[in-house]
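final30.tsv (TSV, C-alpha atoms)
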```tsv
chain	number	residue	atom	x	y	z
A	10	MET	CA	-4.83	-43.25	-18.20
A	11	GLY	CA	-4.42	-39.59	-17.13
A	12	GLY	CA	-5.37	-37.90	-13.91
A	13	LYS	CA	-3.90	-37.74	-10.44
A	14	CYS	CA	-1.12	-39.94	-9.20
A	15	PRO	CA	-2.67	-42.20	-6.53
A	16	SER	CA	0.43	-42.07	-4.33
A	17	ARG	CA	0.58	-38.29	-4.22
A	18	LYS	CA	-1.36	-36.84	-1.31
A	19	VAL	CA	-0.37	-33.15	-1.45
A	20	LYS	CA	-0.47	-30.91	-4.46
A	21	LYS	CA	2.93	-29.76	-5.63
A	22	ARG	CA	3.34	-26.08	-4.85
A	23	ARG	CA	5.24	-24.04	-7.35
A	24	PHE	CA	7.29	-21.16	-6.02
A	25	SER	CA	7.68	-18.14	-8.22
A	26	HIS	CA	11.30	-17.01	-8.01
A	27	LYS	CA	10.54	-13.85	-9.97
A	28	SER	CA	8.13	-12.49	-7.40
A	29	ALA	CA	10.53	-13.24	-4.56
A	30	ARG	CA	13.34	-11.46	-6.38
A	31	ARG	CA	11.12	-8.47	-7.19
A	32	SER	CA	10.17	-7.99	-3.55
A	33	LYS	CA	13.85	-8.15	-2.59
A	34	PHE	CA	14.52	-4.83	-4.28
A	35	LEU	CA	11.67	-2.60	-3.22
A	36	LEU	CA	11.15	0.28	-5.58
A	37	LYS	CA	9.96	3.73	-4.66
A	38	GLY	CA	6.50	4.84	-5.62
A	39	ASP	CA	5.87	7.03	-8.64
A	40	ASP	CA	5.18	10.10	-6.53
A	41	GLU	CA	8.43	9.70	-4.56
A	42	VAL	CA	10.47	9.36	-7.76
A	43	TYR	CA	8.69	12.38	-9.28
A	44	ASN	CA	9.52	14.49	-6.22
A	45	GLU	CA	13.17	13.37	-6.37
A	46	ILE	CA	13.38	14.34	-10.04
A	47	LEU	CA	12.04	17.82	-9.24
A	48	LYS	CA	14.44	18.15	-6.31
A	49	GLN	CA	17.42	17.01	-8.40
A	50	ALA	CA	16.52	19.46	-11.17
A	51	GLU	CA	16.74	22.28	-8.61
A	52	GLU	CA	20.07	20.99	-7.27
A	53	ALA	CA	21.50	20.49	-10.77
A	54	ALA	CA	21.50	24.20	-11.25
A	55	ALA	CA	23.62	24.57	-8.09
A	56	ALA	CA	26.23	21.81	-8.57
A	57	ALA	CA	26.51	18.18	-9.67
A	58	LYS	CA	28.06	15.94	-7.02
A	59	PRO	CA	29.04	12.25	-7.40
A	60	LEU	CA	27.07	9.53	-5.64
A	61	PRO	CA	28.49	8.23	-2.34
A	62	LEU	CA	30.14	4.79	-2.35
A	63	ASP	CA	28.00	1.98	-0.91
A	64	GLU	CA	29.31	-1.59	-0.80
A	65	ASP	CA	25.83	-3.09	-0.48
A	66	LEU	CA	24.62	-1.77	-3.83
A	67	PRO	CA	25.56	-3.06	-7.29
A	68	GLY	CA	28.53	-1.18	-8.76
A	69	MET	CA	29.25	0.40	-5.37
A	70	GLY	CA	26.17	2.59	-5.90
A	71	GLN	CA	27.82	4.65	-8.66
A	72	PHE	CA	25.56	3.72	-11.59
A	73	TYR	CA	22.02	4.82	-10.78
A	74	CYS	CA	18.91	5.47	-12.87
A	75	LEU	CA	16.83	8.12	-11.12
A	76	HIS	CA	13.67	7.54	-13.17
A	77	CYS	CA	13.54	3.78	-12.54
A	78	ASP	CA	15.13	3.89	-9.05
A	79	ARG	CA	17.66	1.16	-9.95
A	80	TYR	CA	21.39	0.65	-9.43
A	81	PHE	CA	23.55	-1.08	-12.03
A	82	ALA	CA	26.82	-3.01	-11.86
A	83	SER	CA	28.61	-1.02	-14.55
A	84	GLU	CA	28.25	1.97	-16.82
A	85	ASP	CA	27.72	-0.27	-19.86
A	86	VAL	CA	24.76	-2.00	-18.23
A	87	ARG	CA	23.30	1.35	-17.21
A	88	ASP	CA	23.68	2.75	-20.73
A	89	GLU	CA	22.02	-0.37	-22.12
A	90	HIS	CA	19.17	0.19	-19.67
A	91	PHE	CA	18.82	3.80	-20.89
A	92	ARG	CA	18.14	2.44	-24.39
A	93	SER	CA	15.51	-0.05	-23.18
A	94	LYS	CA	11.79	0.29	-23.78
A	95	ARG	CA	11.04	0.01	-20.06
A	96	HIS	CA	13.24	3.01	-19.21
A	97	LYS	CA	11.84	5.12	-22.05
A	98	LYS	CA	8.28	4.46	-20.87
A	99	ARG	CA	9.23	5.42	-17.34
A	100	VAL	CA	10.87	8.68	-18.48
A	101	LYS	CA	7.77	9.55	-20.49
A	102	GLN	CA	5.55	8.78	-17.49
A	103	MET	CA	7.68	10.93	-15.16
A	104	SER	CA	7.89	13.86	-17.59
A	105	GLY	CA	4.11	14.14	-17.80
A	106	PRO	CA	1.75	15.45	-15.12
A	107	ALA	CA	2.46	14.70	-11.49
A	108	PRO	CA	1.34	11.22	-10.41
A	109	HIS	CA	-1.52	10.81	-7.99
A	110	THR	CA	-0.79	11.16	-4.30
A	111	GLN	CA	-2.48	9.77	-1.23
A	112	LEU	CA	-4.31	13.07	-0.77
A	113	ASP	CA	-5.83	12.72	-4.25
A	114	ALA	CA	-6.96	9.19	-3.43
A	115	ASP	CA	-8.54	10.31	-0.14
A	116	LEU	CA	-10.40	13.16	-1.80
A	117	ALA	CA	-11.69	10.87	-4.55
A	118	ALA	CA	-12.95	8.41	-1.94
A	119	GLY	CA	-14.76	11.16	-0.07
A	120	MET	CA	-12.39	10.99	2.90
A	121	GLY	CA	-11.03	14.52	2.54
A	122	MET	CA	-11.86	17.54	4.62
A	123	PRO	CA	-15.60	17.95	5.16
A	124	ASP	CA	-17.44	20.37	2.94
A	125	ASN	CA	-20.07	22.00	5.09
A	126	GLY	CA	-21.25	24.39	2.43
A	127	PRO	CA	-21.04	28.17	2.46
A	128	LYS	CA	-20.84	29.88	5.82
A	129	LEU	CA	-24.06	31.59	6.81
A	130	MET	CA	-24.05	34.96	8.39
A	131	SER	CA	-24.32	34.73	12.14
A	132	PHE	CA	-25.38	37.61	14.38
```
Entire entry expressed as structure tokens:
Amino acid sequence: MGGKCPSRKVKKRRFSHKSARRSKFLLKGDDEVYNEILKQAEEAAAAAKPLPLDEDLPGMGQFYCLHCDRYFASEDVRDEHFRSKRHKKRVKQMSGPAPHTQLDADLAAGMGMPDNGPKLMSF
């Protein structure tokens, strides 16, 4: 009744198109985005300059979300993204404390600088 098809020798492999598409657009890490936000806040006080045109990016690279590190095809799509739950979570995450860095991870794993204790007096 049920079970395997006797004529089929190899299992059918399913390819996830979502994962392939996600890896196509590599996103920056949280710490890189956090540093960019801090840098842009400093530059915003100086002057706001428009983004350079780039033919390879959606919308010629003019519609960018700094918090999510994404480019959009039009201003309407970008504004819709600003109202999304995903963007709001990301803004909240980036406005909090600084994300962990590789140095934090190394120190937690015990791979930081050696702690040899207090220096003893030498004569």
Distance CA of Asn125 (chain A)-CA of Pro108 (chain A), one decimal place?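 So the two atoms, CA of Asn125 (chain A) and CA of Pro108 (chain A), lie 28.5 Å apart.
Residue neighbourhood of region 78-95 of chain A, excluding near-sequence residues (fewer than 2 positions): Leu36, Lys37, Val42, Leu66, Pro67, Gly68, Met69, Gly70, Gln71, Phe72, Tyr73, Cys74, Leu75, His76, Lys97, Lys98 and Arg99 of chain A, at 8 Å, using only C-alpha atoms.
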Edge lengths and centre, in Å to one decimal, as JSON: that's what I need for the box along x, y and z that holds all listed atoms of region 90-103 of chain A plus 5 Å on each side.
```
{"center_x": 12.4, "center_y": 5.4, "center_z": -19.8, "size_x": 23.6, "size_y": 21.0, "size_z": 19.2}
```
With distances taken over all atoms listed in the file, which residue among A:Pro59, A:Cys77, A:Leu129, A:Leu116 lies nearest Gln102 (chain A)?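 Ranked by minimum distance to Gln102 (chain A), first place goes to A:Cys77.
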Work out how far CA of Leu62 (chain A) is from CA of Val100 (chain A), in Å to one decimal.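 That distance, rounded to one decimal, is 25.4 Å.
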Can you work out the spacing between CA of Gln49 (chain A) and CA of His109 (chain A) in Å, to one decimal?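 Straight-line distance from CA of Gln49 (chain A) to CA of His109 (chain A) works out to 19.9 Å.
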